[in-house]
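Notes follow once the structure below has been shown.
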Amino acid sequence: MGVITDHLDLWGEALTGTLILFVGGGLIALVLGLIVGAMRVSPIPIARAVGAVYVNWIRNTPLTLVMFFFAICVPILLRERIDPIVLPTIALGVYTATYVAETLRSGINTVPVGQAEAARALGLTFGQVMTLVVLPQATRSVIPPMMSVFIALLKNTTVAAGFSVLNLGSIRSWLSEQGENQLVVLVWVMVIFIVLVLLLAWLQRVFENKWRVAR
Amino acid sequence: MSSVLYDVPGPRAIARNRIIGAVTVLVILAGLGWVIWRFAATGQFTAAKWELFTYSSIWALFAEATLNTLAAFAAAAVGALILGFILAIGRLSDHAWIRVPVGWIVEVLRAIPVLIFMMLLYYGLPVLGIRMTPYAAVVIALIAYNGSVLAEVIRAGVESLPRGQSEAGYAIGLRKSGVMRLVLLPQAIRAMMPVIVAQLVVTLKDTALGFIITFQELLYLVKLLGSNAVYGSPLIPAALVGGSIYVALCLALSYVAYLLERRLRRSDRAQHAVDPMHHPVGAGTDTELIALQTGAGKFNQGGGGTA
C-alpha cells in the first residue's frame, strides 16, 4: 500500500491520464464510428467503399502502429509541438472507431427486414419507421457489444505508455526512477484495471438484462 | 442489408446520392492531398530520406525483424490455442472445484491489459530474481491473454451446439471425454474457426506491443532506423515500410478468416436447404420435448440452443 500512499499525486495524475485517454478516445470513436457506420450502410456505393477500406485497413493495423503514426510521425509532418496526450487520444479514437462502426452496422443488420416492411405497411413515414421501429431494436442489440468495445478501449489506453504519456501503463517507469519496487507497482496497476474492467462488465450485464430482446 | 433503412431510390434520391458521392470523393481527395502536401513540405520525398532503402543490408534487417515478429506470433498462437483448449475444457467441467477457479482465471487474464502483463514479466519479475528475454515476455503475455479469450470462444462454440449432440453421444455409450473429444469439440471448432482465426489476427497485431518492452520486432527497427541522422532521420519512410509489412501480414491472415467464414456460411445454407422447416419448437431436443410433455419435471431451459 505504501507504493500508492507515498506517491498519491502521481497515481492521481496517472489515473487522470488514463481517464482522459479513455473518455477522449471514446468520444472521438463514437462520433467517427457513427459517421463511418452510417457510410457503411448508406445507399451510396462510394461512401460504402470508403467506409469499408477505412474499417478493414485500420482494423488490420496494430494499435501500436496507429499510435506510432499519430504520436511520432504527425508532429514531424506538422512541424509543431503538440500536448503529448492529444495525439495518442486521437489515435485511440481512430482505432476504436472501426470497432464502433462494425458494432453499429451489425446491430442494424440484426433488425429483420420484415420489421421495416411491416412498419411501412402500416403507413408510417420514413422518420417514424426509423425512430419507432428500427432504431429502438437496433440500439438494444448494439449496447452490450458496444460495452465490450469500450472495455477493450480502456485496456488499450495502456499502449500510450510507449509514447511518453503519463497514465497507468507508464507509471511504472515514473515510480521506478524513484526507487520503488516495480513488481508491486505493476501488481497494483493490474488490480486497478481488473476492478475497472469488472465494473464495466457489470454495467454491461445490467444493460443486457434490462434491454434483452425476445426474438 | 441496407434494405431495412432505405427505399429503392427514385430520380430525386438518385441525383442526391450522386451529389453526396461526389462530395465524399472530394473530401477524401482533399484529405489525401493535404497529407501529400505535408509530406512534400517536410521533405519526405527527397532522395536522401529514402537512400537507406537502397541497401540490401537494411532489407536484411527488415527481414530479420519480420521473422522476429512472426516467431513471436507463431509461438504465441500455438500456445494460446493449447491454453485455450485447456481452459475451455476446465470451464465446461462438471466439477465445480475445477470450473469455478478456471472461470476466475479466465476472467482475470482477460481483464489485464496485455501490455501490463508484458511489463510485469519483463520489468516486474526480475525483482524476484526471474529474468526473461523480451521475446519470452511477449510470447507468455500473448499466450495468457489470447488463450483466455480463445477459451471463451471455444466454450461458446460448445454451448451453442444443440443438446441432442451430447445426448446422442452418451446414448451410444461414450464417456464424458469421448463426447467432448469426438462429438462436441470437432463441431465447435468448425463453427468457431472464423472467430478463432480473427483472434489470431489480434495476436499478430499485439506482437507490436513488444516494441514498448524493447522486443526487436518491426516497430523497434523502424524507430532505430528513424533516428539515423546520417540519412536525415528517415522516420516516416521507415514507418511506411515497416507499417506496410505489418498491415500486409494482418490483412493476409484476416483474409483467411474471411474465406473460412464464407465457406462456413455456404455450407450452413446447404445444410438448411436439406433440413426441412419442421422445428417450430425452437431450441431443445426431442428428448426434452418428450420430458416436458410427460411432465417429467422442469428442464434446464434456455441453456441449450442459442448463445
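Please note that chains go A, B, ... in the order of the C-alpha cells, that every chain numbers its residues from 1, and that ligands are numbered from 1 in the order shown.
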Taking only C-alpha atoms into account, which residues of chain B are within 8 Å of chain A, as an NGL selection string?
-> :B and (1-6 or 17-18 or 20-21 or 24-25 or 38-39 or 42 or 108 or 111-113 or 115-116 or 119-120 or 123-125 or 127 or 201 or 205-206 or 208-209 or 212 or 219 or 235-236 or 239 or 243 or 246-247 or 250-251 or 254)
Residues as selected, N, CA and C atoms, written as a CSV table (one decimal), in the first residue's frame, can you do that?
chain,number,residue,atom,x,y,z
B,1,MET,N,-29.4,-6.0,-46.9
B,1,MET,CA,-28.9,-5.5,-45.6
B,1,MET,C,-29.3,-4.0,-45.4
B,2,SER,N,-29.1,-3.2,-46.3
B,2,SER,CA,-29.5,-1.8,-46.1
B,2,SER,C,-30.9,-1.6,-46.5
B,3,SER,N,-31.6,-2.7,-46.9
B,3,SER,CA,-33.0,-2.5,-47.3
B,3,SER,C,-33.9,-2.2,-46.2
B,4,VAL,N,-33.5,-2.5,-44.9
B,4,VAL,CA,-34.3,-2.0,-43.8
B,4,VAL,C,-34.3,-0.5,-43.7
B,5,LEU,N,-33.3,0.1,-44.2
B,5,LEU,CA,-33.1,1.5,-44.0
B,5,LEU,C,-33.6,2.4,-45.1
B,6,TYR,N,-33.5,1.9,-46.3
B,6,TYR,CA,-33.8,2.7,-47.5
B,6,TYR,C,-34.8,2.1,-48.4
B,17,ASN,N,-28.0,11.3,-54.2
B,17,ASN,CA,-27.0,10.3,-53.8
B,17,ASN,C,-25.7,10.6,-54.6
B,18,ARG,N,-25.9,11.0,-55.9
B,18,ARG,CA,-24.7,11.3,-56.7
B,18,ARG,C,-23.9,12.5,-56.2
B,20,ILE,N,-23.9,13.5,-53.0
B,20,ILE,CA,-23.2,13.2,-51.8
B,20,ILE,C,-22.0,12.3,-52.1
B,21,GLY,N,-22.1,11.4,-53.1
B,21,GLY,CA,-21.0,10.6,-53.5
B,21,GLY,C,-19.8,11.5,-54.0
B,24,THR,N,-18.2,13.2,-51.1
B,24,THR,CA,-17.3,12.2,-50.3
B,24,THR,C,-16.0,12.1,-51.0
B,25,VAL,N,-16.0,11.9,-52.4
B,25,VAL,CA,-14.8,11.8,-53.1
B,25,VAL,C,-13.9,13.0,-52.9
B,38,ARG,N,1.8,17.9,-47.0
B,38,ARG,CA,2.7,17.9,-45.8
B,38,ARG,C,3.9,17.1,-45.9
B,39,PHE,N,3.8,15.9,-46.6
B,39,PHE,CA,4.9,15.1,-46.9
B,39,PHE,C,6.0,15.9,-47.7
B,42,THR,N,7.6,18.8,-45.8
B,42,THR,CA,8.6,18.4,-44.8
B,42,THR,C,9.7,17.6,-45.4
B,108,VAL,N,-9.9,-13.0,-15.0
B,108,VAL,CA,-8.8,-12.1,-14.6
B,108,VAL,C,-7.8,-11.9,-15.8
B,111,ALA,N,-9.1,-9.5,-18.2
B,111,ALA,CA,-9.2,-8.1,-17.7
B,111,ALA,C,-7.9,-7.4,-17.7
B,112,ILE,N,-6.8,-8.1,-17.7
B,112,ILE,CA,-5.5,-7.4,-17.6
B,112,ILE,C,-5.0,-7.0,-19.0
B,113,PRO,N,-4.7,-5.7,-19.2
B,113,PRO,CA,-4.2,-5.3,-20.5
B,113,PRO,C,-2.9,-6.1,-20.8
B,115,LEU,N,-0.3,-5.3,-22.4
B,115,LEU,CA,1.0,-4.6,-22.2
B,115,LEU,C,1.4,-4.6,-20.7
B,116,ILE,N,0.4,-4.5,-19.8
B,116,ILE,CA,0.8,-4.5,-18.4
B,116,ILE,C,1.3,-5.9,-18.0
B,119,MET,N,4.8,-6.1,-19.2
B,119,MET,CA,5.7,-5.3,-18.3
B,119,MET,C,6.0,-6.1,-17.0
B,120,LEU,N,4.9,-6.7,-16.5
B,120,LEU,CA,5.0,-7.5,-15.3
B,120,LEU,C,6.1,-8.6,-15.5
B,123,TYR,N,9.7,-6.4,-16.5
B,123,TYR,CA,10.2,-5.4,-15.5
B,123,TYR,C,10.0,-5.9,-14.1
B,124,GLY,N,8.8,-6.6,-13.9
B,124,GLY,CA,8.4,-6.9,-12.5
B,124,GLY,C,9.1,-8.1,-12.0
B,125,LEU,N,9.2,-9.2,-12.8
B,125,LEU,CA,9.7,-10.5,-12.2
B,125,LEU,C,11.2,-10.4,-11.9
B,127,VAL,N,12.6,-8.5,-10.0
B,127,VAL,CA,12.6,-8.2,-8.6
B,127,VAL,C,12.7,-9.5,-7.8
B,201,VAL,N,-5.5,-13.0,-35.5
B,201,VAL,CA,-5.1,-11.7,-36.1
B,201,VAL,C,-4.8,-10.7,-35.0
B,205,LYS,N,-1.4,-8.7,-34.3
B,205,LYS,CA,-1.3,-7.2,-34.0
B,205,LYS,C,-0.7,-6.9,-32.7
B,206,ASP,N,-1.0,-7.7,-31.7
B,206,ASP,CA,-0.4,-7.4,-30.4
B,206,ASP,C,1.1,-7.7,-30.2
B,208,ALA,N,3.1,-6.2,-31.8
B,208,ALA,CA,3.7,-4.9,-31.9
B,208,ALA,C,3.9,-4.2,-30.6
B,209,LEU,N,3.1,-4.7,-29.6
B,209,LEU,CA,3.3,-4.1,-28.2
B,209,LEU,C,4.7,-4.4,-27.7
B,212,ILE,N,7.4,-1.8,-27.1
B,212,ILE,CA,7.4,-0.9,-25.9
B,212,ILE,C,8.4,-1.6,-24.8
B,219,LEU,N,8.5,-2.6,-35.4
B,219,LEU,CA,8.4,-1.2,-35.0
B,219,LEU,C,9.7,-0.7,-34.3
B,235,LEU,N,12.4,8.8,-40.4
B,235,LEU,CA,11.5,8.1,-39.6
B,235,LEU,C,10.2,7.7,-40.3
B,236,ILE,N,9.7,8.7,-41.1
B,236,ILE,CA,8.4,8.5,-41.8
B,236,ILE,C,8.6,7.4,-42.9
B,239,ALA,N,8.7,4.2,-41.2
B,239,ALA,CA,7.4,3.8,-40.6
B,239,ALA,C,6.5,3.3,-41.7
B,243,GLY,N,5.3,-0.3,-41.5
B,243,GLY,CA,3.9,-0.4,-41.3
B,243,GLY,C,3.2,-1.2,-42.4
B,246,TYR,N,3.6,-4.9,-41.7
B,246,TYR,CA,2.6,-5.3,-40.6
B,246,TYR,C,1.2,-5.4,-41.2
B,247,VAL,N,0.8,-4.4,-41.9
B,247,VAL,CA,-0.6,-4.4,-42.4
B,247,VAL,C,-0.8,-5.5,-43.4
B,250,CYS,N,-1.3,-8.8,-41.5
B,250,CYS,CA,-2.6,-8.9,-40.8
B,250,CYS,C,-3.7,-9.0,-41.8
B,251,LEU,N,-3.6,-8.3,-43.0
B,251,LEU,CA,-4.6,-8.4,-44.0
B,251,LEU,C,-4.7,-9.8,-44.5
B,254,SER,N,-6.4,-12.0,-42.0
B,254,SER,CA,-7.8,-11.7,-42.0
B,254,SER,C,-8.5,-12.2,-43.2
Would you mind listing what lies within 8 Å of Pro88 of chain A as an NGL selection string, with only C-alpha atoms counted and same-chain residues fewer than 4 positions away left out?
-> :A and (21 or 67 or 70-71 or 84 or 92 or 160 or 163)
Measure the distance from atom CA of Val158 of chain B to atom CA of Met147 of chain A in Å and round it to one decimal.
->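 About the pair atom CA of Val158 of chain B and atom CA of Met147 of chain A: they are 24.2 Å apart.
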Run DSSP on the backbone of this structure and report the residues of segment 2-193 of chain A it assigns to alpha helix (DSSP H), as a PyMOL selection string.
-> chain A and resi 2-6+8-40+45-59+63-68+74-78+86-109+113-121+126-128+135-156+171-177+182-193
Could you save the residues just selected, with C-alpha atoms, as a CSV table (one decimal), in the first residue's frame?
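Final file, selection_26.csv:
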chain,number,residue,atom,x,y,z
A,2,GLY,CA,2.9,2.3,0.7
A,3,VAL,CA,3.6,2.5,-3.0
A,4,ILE,CA,0.3,4.2,-3.5
A,5,THR,CA,0.1,6.4,-0.4
A,6,ASP,CA,3.7,7.7,-0.8
A,8,LEU,CA,-0.7,9.7,-4.2
A,9,ASP,CA,-0.4,12.7,-6.5
A,10,LEU,CA,1.5,10.7,-9.2
A,11,TRP,CA,-1.1,7.9,-9.1
A,12,GLY,CA,-3.8,10.6,-9.3
A,13,GLU,CA,-2.2,12.1,-12.4
A,14,ALA,CA,-1.7,8.6,-13.9
A,15,LEU,CA,-5.4,7.7,-13.3
A,16,THR,CA,-6.4,11.1,-14.8
A,17,GLY,CA,-4.2,10.4,-17.8
A,18,THR,CA,-5.9,7.0,-18.3
A,19,LEU,CA,-9.4,8.5,-17.9
A,20,ILE,CA,-8.6,11.4,-20.4
A,21,LEU,CA,-7.4,8.8,-22.9
A,22,PHE,CA,-10.5,6.7,-22.3
A,23,VAL,CA,-13.1,9.4,-22.4
A,24,GLY,CA,-11.5,11.4,-25.2
A,25,GLY,CA,-10.8,8.4,-27.3
A,26,GLY,CA,-14.3,7.1,-26.6
A,27,LEU,CA,-15.9,10.3,-27.7
A,28,ILE,CA,-13.8,10.5,-30.9
A,29,ALA,CA,-14.6,6.8,-31.6
A,30,LEU,CA,-18.3,7.3,-31.1
A,31,VAL,CA,-18.5,10.3,-33.4
A,32,LEU,CA,-16.2,8.9,-36.1
A,33,GLY,CA,-17.7,5.4,-35.7
A,34,LEU,CA,-21.2,6.8,-36.2
A,35,ILE,CA,-20.1,8.6,-39.4
A,36,VAL,CA,-18.2,5.5,-40.7
A,37,GLY,CA,-21.0,3.1,-39.7
A,38,ALA,CA,-23.5,5.3,-41.5
A,39,MET,CA,-21.3,5.3,-44.5
A,40,ARG,CA,-21.1,1.6,-44.5
A,45,PRO,CA,-21.6,3.0,-53.3
A,46,ILE,CA,-18.6,5.4,-53.0
A,47,ALA,CA,-19.3,6.1,-49.3
A,48,ARG,CA,-19.7,2.3,-48.6
A,49,ALA,CA,-16.4,1.7,-50.3
A,50,VAL,CA,-14.6,4.4,-48.3
A,51,GLY,CA,-16.1,3.1,-45.1
A,52,ALA,CA,-15.1,-0.5,-45.9
A,53,VAL,CA,-11.5,0.5,-46.8
A,54,TYR,CA,-11.2,2.5,-43.6
A,55,VAL,CA,-12.5,-0.2,-41.4
A,56,ASN,CA,-10.6,-3.1,-43.0
A,57,TRP,CA,-7.3,-1.2,-43.0
A,58,ILE,CA,-7.3,0.3,-39.6
A,59,ARG,CA,-8.6,-3.0,-38.0
A,63,LEU,CA,-2.9,-0.1,-32.4
A,64,THR,CA,0.8,0.4,-31.5
A,65,LEU,CA,1.4,1.3,-35.2
A,66,VAL,CA,-1.5,3.6,-35.4
A,67,MET,CA,-0.3,5.4,-32.3
A,68,PHE,CA,3.2,5.4,-33.7
A,74,VAL,CA,2.3,13.6,-37.2
A,75,PRO,CA,4.4,16.1,-35.2
A,76,ILE,CA,7.2,15.7,-37.8
A,77,LEU,CA,4.7,16.4,-40.6
A,78,LEU,CA,3.1,19.4,-38.8
A,86,VAL,CA,-3.7,14.8,-27.6
A,87,LEU,CA,-2.3,12.6,-30.4
A,88,PRO,CA,-2.4,9.3,-28.6
A,89,THR,CA,-6.1,10.1,-27.7
A,90,ILE,CA,-6.8,10.8,-31.4
A,91,ALA,CA,-5.1,7.5,-32.3
A,92,LEU,CA,-7.2,5.6,-29.8
A,93,GLY,CA,-10.3,7.2,-31.2
A,94,VAL,CA,-9.4,6.5,-34.8
A,95,TYR,CA,-8.6,2.9,-34.0
A,96,THR,CA,-11.7,2.2,-31.8
A,97,ALA,CA,-14.0,4.0,-34.3
A,98,THR,CA,-13.6,1.0,-36.7
A,99,TYR,CA,-14.9,-1.3,-33.9
A,100,VAL,CA,-17.8,1.1,-33.1
A,101,ALA,CA,-18.7,1.3,-36.8
A,102,GLU,CA,-18.8,-2.5,-37.1
A,103,THR,CA,-20.8,-2.9,-34.0
A,104,LEU,CA,-23.4,-0.3,-35.2
A,105,ARG,CA,-23.6,-2.0,-38.6
A,106,SER,CA,-24.1,-5.5,-37.3
A,107,GLY,CA,-26.7,-4.0,-34.8
A,108,ILE,CA,-28.7,-2.5,-37.6
A,109,ASN,CA,-28.4,-5.8,-39.5
A,113,VAL,CA,-36.3,-6.5,-42.9
A,114,GLY,CA,-39.8,-7.6,-42.1
A,115,GLN,CA,-39.9,-5.1,-39.2
A,116,ALA,CA,-39.4,-2.2,-41.5
A,117,GLU,CA,-41.7,-3.6,-44.1
A,118,ALA,CA,-44.5,-4.1,-41.5
A,119,ALA,CA,-44.0,-0.5,-40.3
A,120,ARG,CA,-44.1,0.7,-43.9
A,121,ALA,CA,-47.3,-1.3,-44.5
A,126,PHE,CA,-39.5,7.1,-43.0
A,127,GLY,CA,-38.8,9.1,-39.9
A,128,GLN,CA,-41.4,7.1,-37.9
A,135,LEU,CA,-33.6,2.2,-34.1
A,136,PRO,CA,-35.1,1.1,-30.8
A,137,GLN,CA,-34.5,-2.5,-31.7
A,138,ALA,CA,-31.0,-1.8,-33.1
A,139,THR,CA,-30.0,0.1,-30.0
A,140,ARG,CA,-30.9,-2.8,-27.8
A,141,SER,CA,-28.8,-5.2,-29.7
A,142,VAL,CA,-25.9,-2.7,-30.0
A,143,ILE,CA,-25.3,-1.7,-26.4
A,144,PRO,CA,-23.9,-5.0,-25.0
A,145,PRO,CA,-21.3,-5.4,-27.7
A,146,MET,CA,-20.6,-1.7,-27.6
A,147,MET,CA,-19.6,-2.1,-23.9
A,148,SER,CA,-17.2,-4.8,-25.0
A,149,VAL,CA,-15.6,-2.3,-27.4
A,150,PHE,CA,-15.2,0.2,-24.6
A,151,ILE,CA,-13.7,-2.3,-22.3
A,152,ALA,CA,-11.1,-3.0,-25.0
A,153,LEU,CA,-10.6,0.7,-25.3
A,154,LEU,CA,-9.9,1.0,-21.6
A,155,LYS,CA,-7.3,-1.7,-21.8
A,156,ASN,CA,-5.8,-0.2,-24.9
A,171,ILE,CA,3.5,4.9,-14.0
A,172,ARG,CA,5.9,2.0,-13.6
A,173,SER,CA,8.8,3.9,-15.2
A,174,TRP,CA,8.0,7.1,-13.3
A,175,LEU,CA,8.0,5.2,-10.0
A,176,SER,CA,11.0,3.1,-10.7
A,177,GLU,CA,13.0,6.2,-11.1
A,182,GLN,CA,8.3,-2.3,-9.9
A,183,LEU,CA,6.7,-5.6,-9.3
A,184,VAL,CA,4.5,-4.1,-6.6
A,185,VAL,CA,3.6,-1.1,-8.7
A,186,LEU,CA,2.6,-3.4,-11.7
A,187,VAL,CA,0.5,-5.6,-9.5
A,188,TRP,CA,-1.4,-2.6,-8.2
A,189,VAL,CA,-1.9,-1.4,-11.8
A,190,MET,CA,-3.3,-4.8,-12.6
A,191,VAL,CA,-5.6,-4.7,-9.6
A,192,ILE,CA,-6.9,-1.2,-10.7
A,193,PHE,CA,-7.5,-2.5,-14.2
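Reported to one decimal place, the separation of atom CA of Leu221 of chain B from atom CA of Ala76 of chain B is 20.9 Å.
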Measuring atom to atom with only C-alpha atoms, identify which of B:Ala22, B:Val149, B:Val102, B:Val183 is nearest to Gln165 of chain B.
-> B:Val183
State, in Å with one decimal place, the distance from atom CA of Ala71 of chain B to atom CA of Leu204 of chain B.
-> 10.2 Å
With a distance cut-off of 8 Å and only C-alpha atoms, select the neighbouring residues of Gln199 of chain B, excluding the residue or stretch itself and same-chain residues fewer than 2 positions from it, and output the selection as a VMD selection string.
-> chain B and resid 146 149 to 150 195 to 197 201 to 203
Those residues with N, CA and C atoms, as a PDB file, in the first residue's frame please?
ATOM      1  N   ASN B 146      -4.564 -14.253 -25.018  1.00  0.00           N
ATOM      2  CA  ASN B 146      -5.327 -14.835 -26.122  1.00  0.00           C
ATOM      3  C   ASN B 146      -5.837 -16.219 -25.785  1.00  0.00           C
ATOM      4  N   VAL B 149      -9.048 -15.676 -24.041  1.00  0.00           N
ATOM      5  CA  VAL B 149     -10.117 -15.266 -24.962  1.00  0.00           C
ATOM      6  C   VAL B 149     -10.580 -16.458 -25.795  1.00  0.00           C
ATOM      7  N   LEU B 150      -9.591 -17.249 -26.293  1.00  0.00           N
ATOM      8  CA  LEU B 150      -9.952 -18.415 -27.097  1.00  0.00           C
ATOM      9  C   LEU B 150     -10.746 -19.421 -26.275  1.00  0.00           C
ATOM     10  N   VAL B 195     -13.867 -17.124 -35.946  1.00  0.00           N
ATOM     11  CA  VAL B 195     -13.585 -16.305 -34.759  1.00  0.00           C
ATOM     12  C   VAL B 195     -12.199 -16.614 -34.226  1.00  0.00           C
ATOM     13  N   ILE B 196     -11.824 -17.910 -34.277  1.00  0.00           N
ATOM     14  CA  ILE B 196     -10.505 -18.288 -33.771  1.00  0.00           C
ATOM     15  C   ILE B 196      -9.422 -17.618 -34.614  1.00  0.00           C
ATOM     16  N   VAL B 197      -9.583 -17.666 -35.945  1.00  0.00           N
ATOM     17  CA  VAL B 197      -8.566 -17.034 -36.803  1.00  0.00           C
ATOM     18  C   VAL B 197      -8.558 -15.522 -36.581  1.00  0.00           C
ATOM     19  N   VAL B 201      -5.470 -12.990 -35.542  1.00  0.00           N
ATOM     20  CA  VAL B 201      -5.079 -11.694 -36.106  1.00  0.00           C
ATOM     21  C   VAL B 201      -4.780 -10.721 -34.968  1.00  0.00           C
ATOM     22  N   VAL B 202      -5.620 -10.753 -33.916  1.00  0.00           N
ATOM     23  CA  VAL B 202      -5.373  -9.885 -32.762  1.00  0.00           C
ATOM     24  C   VAL B 202      -4.018 -10.218 -32.152  1.00  0.00           C
ATOM     25  N   THR B 203      -3.706 -11.529 -32.069  1.00  0.00           N
ATOM     26  CA  THR B 203      -2.411 -11.935 -31.522  1.00  0.00           C
ATOM     27  C   THR B 203      -1.276 -11.334 -32.351  1.00  0.00           C
TER      28      THR B 203
END
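Distances here use only C-alpha atoms; by that measure, the residue among B:Ser160, B:Thr214, B:Ser227, B:Thr133 closest to Lys49 of chain B is B:Ser227.
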